[in-house]
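Coordinates from structure32.pdb are shown below (PDB, C-alpha atoms).
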ATOM      1  CA  MET A  22      97.498  97.975  58.693
ATOM      2  CA  ASP A  23      99.479  96.026  61.346
ATOM      3  CA  LYS A  24      99.575  96.814  65.074
ATOM      4  CA  GLU A  25     102.992  98.467  64.883
ATOM      5  CA  HIS A  26     101.822 100.948  62.243
ATOM      6  CA  VAL A  27      98.587 101.600  64.146
ATOM      7  CA  SER A  28     100.609 102.354  67.302
ATOM      8  CA  GLU A  29     102.915 104.711  65.402
ATOM      9  CA  TRP A  30      99.923 106.437  63.771
ATOM     10  CA  LYS A  31      98.246 106.947  67.167
ATOM     11  CA  THR A  32     101.459 108.349  68.630
ATOM     12  CA  ILE A  33     101.884 110.804  65.748
ATOM     13  CA  ARG A  34      98.237 111.846  65.998
ATOM     14  CA  VAL A  35      98.511 112.488  69.745
ATOM     15  CA  ARG A  36     101.644 114.552  69.206
ATOM     16  CA  GLN A  37      99.900 116.580  66.499
ATOM     17  CA  GLU A  38      96.902 117.183  68.769
ATOM     18  CA  LEU A  39      99.157 118.329  71.600
ATOM     19  CA  LEU A  40     101.061 120.660  69.288
ATOM     20  CA  ALA A  41      97.792 122.117  67.979
ATOM     21  CA  ALA A  42      96.558 122.682  71.537
ATOM     22  CA  ALA A  43      99.825 124.426  72.419
ATOM     23  CA  LYS A  44      99.557 126.718  69.368
ATOM     24  CA  ARG A  45      95.967 127.652  70.270
ATOM     25  CA  THR A  46      97.028 128.472  73.815
ATOM     26  CA  LEU A  47      99.884 130.667  72.570
ATOM     27  CA  LYS A  48      97.521 132.558  70.236
ATOM     28  CA  GLU A  49      95.222 133.253  73.154
ATOM     29  CA  GLY A  50      98.130 134.979  74.884
ATOM     30  CA  ARG A  51      98.173 132.809  77.978
ATOM     31  CA  TYR A  52     101.846 131.917  77.474
ATOM     32  CA  ARG A  53     104.712 133.831  75.859
ATOM     33  CA  SER A  54     106.430 130.777  74.378
ATOM     34  CA  LEU A  55     106.076 127.065  73.788
ATOM     35  CA  SER A  56     108.710 126.336  76.448
ATOM     36  CA  GLU A  57     106.667 128.290  79.001
ATOM     37  CA  PHE A  58     103.590 126.237  78.061
ATOM     38  CA  VAL A  59     105.530 122.962  78.476
ATOM     39  CA  SER A  60     107.015 124.100  81.796
ATOM     40  CA  GLU A  61     103.579 124.940  83.148
ATOM     41  CA  ALA A  62     102.154 121.611  81.977
ATOM     42  CA  LEU A  63     104.985 119.736  83.688
ATOM     43  CA  ARG A  64     104.513 121.735  86.888
ATOM     44  CA  LEU A  65     100.795 120.932  86.974
ATOM     45  CA  ARG A  66     101.498 117.246  86.387
ATOM     46  CA  LEU A  67     104.075 117.169  89.182
ATOM     47  CA  ASP A  68     101.580 118.843  91.513
ATOM     48  CA  GLU A  69      99.031 116.141  90.647
ATOM     49  CA  LEU A  70     101.560 113.387  91.390
ATOM     50  CA  LYS A  71     102.553 114.980  94.711
ATOM     51  CA  GLN A  72      98.903 115.281  95.713
ATOM     52  CA  SER A  73      98.169 111.652  94.850
ATOM     53  CA  GLN A  74     101.238 110.579  96.838
ATOM     54  CA  LYS A  75     100.062 112.577  99.866
ATOM     55  CA  THR A  76      96.647 110.951  99.578
ATOM     56  CA  ALA A  77      98.205 107.487  99.458
ATOM     57  CA  GLU A  78     100.444 108.236 102.446
ATOM     58  CA  LYS A  79      97.499 109.598 104.391
ATOM     59  CA  HIS A  80      95.481 106.477 103.593
ATOM     60  CA  THR A  81      98.148 104.143 104.974
ATOM     61  CA  ASP A  82      97.923 105.757 108.421
ATOM     62  CA  TYR A  83      94.755 103.744 109.208
ATOM     63  CA  PRO A  84      94.028 105.542 112.503
ATOM     64  CA  VAL A  85      90.726 103.708 113.036
ATOM     65  CA  ILE A  86      92.112 100.161 112.993
ATOM     66  CA  GLN A  87      95.638 100.653 114.324
ATOM     67  CA  GLU A  88      94.686  99.561 117.833
ATOM     68  CA  ARG A  89      93.205  96.299 116.541
ATOM     69  CA  LEU A  90      96.144  95.219 114.376
ATOM     70  CA  LEU A  91      98.469  92.428 115.455
ATOM     71  CA  HIS A  92     101.458  91.120 113.490
ATOM     72  CA  ASN A  93     103.587  87.997 113.405
ATOM     73  CA  SER A  94     107.309  87.897 112.632
ATOM     74  CA  ASN A  95     106.570  86.985 108.992
ATOM     75  CA  HIS A  96     104.981  90.374 108.199
ATOM     76  CA  VAL A  97     101.417  89.063 108.275
ATOM     77  CA  TRP A  98      98.799  91.026 110.202
ATOM     78  CA  ALA A  99      95.735  89.733 112.026
ATOM     79  CA  MET A 100      92.580  91.501 113.179
ATOM     80  CA  VAL A 101      89.578  89.969 114.940
ATOM     81  CA  THR A 102      86.315  90.775 113.149
ATOM     82  CA  PRO A 103      82.956  91.472 114.870
ATOM     83  CA  GLU A 104      81.899  87.956 113.821
ATOM     84  CA  GLY A 105      84.790  86.417 115.750
ATOM     85  CA  ASN A 106      86.858  85.454 112.713
ATOM     86  CA  VAL A 107      90.439  86.599 112.187
ATOM     87  CA  ARG A 108      91.039  88.714 109.102
ATOM     88  CA  VAL A 109      94.569  88.303 107.761
ATOM     89  CA  GLY A 110      96.743  90.213 105.316
ATOM     90  CA  LEU A 111     100.214  91.429 104.376
ATOM     91  CA  SER A 112     101.695  94.262 106.430
ATOM     92  CA  ASP A 113     102.300  97.731 105.037
ATOM     93  CA  HIS A 114     106.008  97.288 105.793
ATOM     94  CA  ALA A 115     106.145  94.174 103.613
ATOM     95  CA  GLN A 116     104.026  95.477 100.712
ATOM     96  CA  LYS A 117     106.331  98.470 100.345
ATOM     97  CA  ARG A 118     109.226  96.070  99.825
ATOM     98  CA  LEU A 119     107.267  93.726  97.576
ATOM     99  CA  LYS A 120     106.416  96.345  94.978
ATOM    100  CA  GLY A 121     104.384  95.278  91.989
ATOM    101  CA  ILE A 122     102.413  92.405  93.527
ATOM    102  CA  ALA A 123     101.256  90.326  90.573
ATOM    103  CA  GLY A 124      99.345  87.485  92.184
ATOM    104  CA  ILE A 125      98.027  85.919  95.390
ATOM    105  CA  GLN A 126      97.657  82.188  95.922
ATOM    106  CA  THR A 127      95.968  80.736  99.017
ATOM    107  CA  HIS A 128      94.537  77.436 100.117
ATOM    108  CA  SER A 129      90.815  77.113  99.451
ATOM    109  CA  VAL A 130      87.944  77.819 101.833
ATOM    110  CA  GLY A 131      87.700  75.052 104.414
ATOM    111  CA  TYR A 132      91.445  74.434 104.583
ATOM    112  CA  GLU A 133      92.695  73.833 108.126
ATOM    113  CA  THR A 134      95.751  75.956 108.828
ATOM    114  CA  LYS A 135      97.989  76.099 111.871
ATOM    115  CA  LYS A 136      99.743  79.048 113.454
ATOM    116  CA  GLY A 137     103.171  79.521 111.869
ATOM    117  CA  GLU A 138     102.411  77.415 108.790
ATOM    118  CA  PRO A 139     102.069  78.757 105.218
ATOM    119  CA  PHE A 140      98.510  79.373 104.022
ATOM    120  CA  GLY A 141      99.418  81.107 100.777
ATOM    121  CA  VAL A 142     101.957  82.877  98.598
ATOM    122  CA  VAL A 143     102.408  86.427  97.326
ATOM    123  CA  GLU A 144     103.816  86.618  93.808
ATOM    124  CA  THR A 145     105.711  89.574  92.376
ATOM    125  CA  TRP A 146     107.220  89.827  88.907
ATOM    126  CA  MET A 147     110.553  88.576  90.261
ATOM    127  CA  PHE A 148     109.939  86.239  93.203
ATOM    128  CA  MET A 149     107.469  84.647  95.616
ATOM    129  CA  PHE A 150     106.883  85.302  99.315
ATOM    130  CA  ASP A 151     105.335  82.814 101.759
ATOM    131  CA  LEU A 152     102.361  83.898 103.888
ATOM    132  CA  TYR A 153     102.474  82.335 107.360
ATOM    133  CA  SER A 154      99.287  82.086 109.372
ATOM    134  CA  PRO A 155      99.221  84.140 112.572
ATOM    135  CA  VAL A 156      96.536  81.890 114.130
ATOM    136  CA  SER A 157      95.166  78.361 113.855
ATOM    137  CA  GLY A 158      91.805  77.622 112.311
ATOM    138  CA  ARG A 159      89.873  77.051 109.108
ATOM    139  CA  ILE A 160      89.927  79.437 106.160
ATOM    140  CA  SER A 161      86.356  80.746 105.977
ATOM    141  CA  LYS A 162      86.672  83.557 103.424
ATOM    142  CA  ILE A 163      89.013  84.574 100.599
ATOM    143  CA  ASN A 164      89.194  88.118  99.240
ATOM    144  CA  ARG A 165      88.117  87.523  95.632
ATOM    145  CA  LEU A 166      88.949  91.120  94.654
ATOM    146  CA  LEU A 167      92.625  90.198  94.749
ATOM    147  CA  GLN A 168      92.158  87.630  91.991
ATOM    148  CA  ASN A 169      91.448  90.397  89.487
ATOM    149  CA  ASP A 170      93.680  93.052  91.019
ATOM    150  CA  PRO A 171      96.300  91.783  93.512
ATOM    151  CA  SER A 172      97.961  95.215  93.479
ATOM    152  CA  ILE A 173      95.167  96.373  95.815
ATOM    153  CA  ILE A 174      97.487  95.179  98.577
ATOM    154  CA  ASN A 175     100.091  97.762  97.538
ATOM    155  CA  GLY A 176      97.561 100.567  97.812
ATOM    156  CA  ASP A 177      95.437  99.428 100.760
ATOM    157  CA  PRO A 178      96.998  96.525 102.697
ATOM    158  CA  TYR A 179      94.889  96.843 105.857
ATOM    159  CA  GLU A 180      91.391  97.367 104.489
ATOM    160  CA  SER A 181      90.377  96.329 100.964
ATOM    161  CA  GLY A 182      93.685  94.433 100.582
ATOM    162  CA  TRP A 183      92.960  91.766 103.224
ATOM    163  CA  ILE A 184      93.731  88.247 101.986
ATOM    164  CA  VAL A 185      91.731  85.648 103.953
ATOM    165  CA  GLU A 186      89.585  85.248 107.033
ATOM    166  CA  ILE A 187      90.234  82.376 109.431
ATOM    167  CA  LYS A 188      87.621  80.868 111.743
ATOM    168  CA  PRO A 189      89.499  79.940 114.932
ATOM    169  CA  ASN A 190      89.252  76.444 116.370
ATOM    170  CA  ASN A 191      88.344  77.684 119.837
ATOM    171  CA  VAL A 192      88.453  80.875 121.877
ATOM    172  CA  VAL A 193      91.027  79.661 124.405
ATOM    173  CA  THR A 194      93.570  78.753 121.715
ATOM    174  CA  LEU A 195      92.877  81.973 119.826
ATOM    175  CA  GLU A 196      93.479  84.156 122.887
ATOM    176  CA  ALA A 197      96.782  82.398 123.575
ATOM    177  CA  GLU A 198      97.935  82.779 119.970
ATOM    178  CA  LEU A 199      96.930  86.451 119.782
ATOM    179  CA  ARG A 200      98.958  87.206 122.911
ATOM    180  CA  GLU A 201     102.075  86.010 121.081
ATOM    181  CA  LEU A 202     101.612  88.526 118.238
ATOM    182  CA  MET A 203     102.976  92.074 118.136
ATOM    183  CA  ARG A 204     100.864  95.213 118.328
ATOM    184  CA  LEU A 205     101.488  97.755 115.570
ATOM    185  CA  PRO A 206     103.933 100.066 117.461
ATOM    186  CA  GLU A 207     105.958  97.065 118.620
ATOM    187  CA  TYR A 208     105.916  95.548 115.126
ATOM    188  CA  LYS A 209     107.114  98.789 113.503
ATOM    189  CA  ILE A 210     110.126  98.925 115.826
ATOM    190  CA  TRP A 211     110.878  95.246 115.255
ATOM    191  CA  ALA A 212     110.463  95.470 111.457
ATOM    192  CA  SER A 213     112.753  98.503 111.209
ATOM    193  CA  LYS A 214     115.588  96.374 112.584
ATOM    194  CA  GLN A 215     115.015  93.499 110.167
ATOM    195  CA  GLY A 216     116.298  92.969 106.645
ATOM    196  CA  PRO A 217     114.077  92.612 103.553
ATOM    197  CA  PRO A 218     111.238  90.049 103.762
ATOM    198  CA  ARG A 219     112.550  86.523 103.093
ATOM    199  CA  ILE A 220     111.823  85.465  99.527
ATOM    200  CA  LEU A 221     110.624  81.968  98.684
ATOM    201  CA  SER A 222     112.129  81.562  95.221
ATOM    202  CA  LEU A 223     113.526  83.496  92.289
TER
END

What would the structure in this file look like if it were written as C-alpha cells?
Amino acid sequence: MDKEHVSEWKTIRVRQELLAAAKRTLKEGRYRSLSEFVSEALRLRLDELKQSQKTAEKHTDYPVIQERLLHNSNHVWAMVTPEGNVRVGLSDHAQKRLKGIAGIQTHSVGYETKKGEPFGVVETWMFMFDLYSPVSGRISKINRLLQNDPSIINGDPYESGWIVEIKPNNVVTLEAELRELMRLPEYKIWASKQGPPRILSL
C-alpha cells in the first residue's frame, strides 16, 4: 500500500471514528441533533484558541525584564546579564512581522563583532533579515535551542528566544554603546512610525 492510499485510509478512519462518537453522544441525549453537536465542538475549539492566544499575548508583556531591555534601530534587543555579557535577540515588533521563522544563522563563538555590523541572519520561508549587533565584542554563547526550533523566537523573543551572547571588549566602550540604544518605551514609539523590517533578499 503506497503513502497516498495510507493517508486516505487514515482520513476515512478518523472520519468514521468521529461520526461514531457523534452518534454515541446523540444516543446519550446530550445533543438534539448532529448539527448541535458540531456547533458545540466548534465553540469549544474556538474557546481553546482564544485562551491560547490570550496566554501568548500575556507572555509577550515581559514585565520582569522590560526595564533592562535596550534596542537598536535594526530591531535587535540587548540586555546585560549578571555575568556582564550582553544577551542579544530579535525584538517582539520584528518577530511579529517575520512570521514563520525557519532558520537562524550566526557567526561562531569567538567571532569579533562590532556595533552596527551584521552578526547573523534570520531566515523565513520567503526572505532573509540581517541581524545587526547592538554592541561591540566577542560572541561568547549561541542559543543552540534555535537550531532545532527557530520558531521559538516567534513565541518567546525576549527569554528562551535569545540568539547570542556577546562579551564586551571593555566596560567603558560598552557603557557608551548602551547609551546610544533605545529603552523599550522609546523603541515602541519609534518602531510604530517605521515601515516593515528591511529584508536582505528574496

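In this model, the gap between CA of Leu152 (chain A) and CA of Gly137 (chain A) comes to 9.1 Å.
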
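Distances to Ile122 (chain A) were evaluated for A:Gly176, A:Gly105, A:Pro206, A:Pro189 using only C-alpha atoms, and the minimum falls at A:Gly176.
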
Any chance you could resolve the PyMOL selection byres ((chain A and resi 93) around 9) against this file and give the residues as an MDAnalysis selection string? chainID A and resid 91:92 94:99 137 153:155 201:203 208

Given the file above and the PyMOL selection byres ((chain A and resi 156) around 7), which residues are selected, and can you give them as an mmCIF file with C-alpha atoms, in the frame of the given file?
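Below you can see out_3.cif, which holds the result:
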data_model
loop_
_atom_site.group_PDB
_atom_site.id
_atom_site.type_symbol
_atom_site.label_atom_id
_atom_site.label_comp_id
_atom_site.auth_asym_id
_atom_site.auth_seq_id
_atom_site.Cartn_x
_atom_site.Cartn_y
_atom_site.Cartn_z
ATOM 1 C CA LYS A 135 97.989 76.099 111.871
ATOM 2 C CA LYS A 136 99.743 79.048 113.454
ATOM 3 C CA SER A 154 99.287 82.086 109.372
ATOM 4 C CA PRO A 155 99.221 84.140 112.572
ATOM 5 C CA SER A 157 95.166 78.361 113.855
ATOM 6 C CA GLY A 158 91.805 77.622 112.311
ATOM 7 C CA LEU A 195 92.877 81.973 119.826
ATOM 8 C CA GLU A 198 97.935 82.779 119.970
#

Spatial neighbours of region 138-147 of chain A, max dist 10 Å, all atoms listed in the file, sep filter under 3 positions, as JSON, numbers by chain: {"A": [111, 116, 119, 120, 121, 122, 123, 124, 125, 126, 127, 128, 129, 132, 133, 134, 135, 150, 151, 152, 153, 154, 155, 156, 157, 160, 171, 172, 184, 185, 220, 221, 222, 223]}

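For the atom pair formed by CA of Phe148 (chain A) and CA of Ala115 (chain A), the distance is 13.6 Å, given to one decimal.
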
Distance criterion (only C-alpha atoms): nearest to Trp183 (chain A) out of A:Arg200, A:Lys162, A:Arg108, A:Arg89: A:Arg108
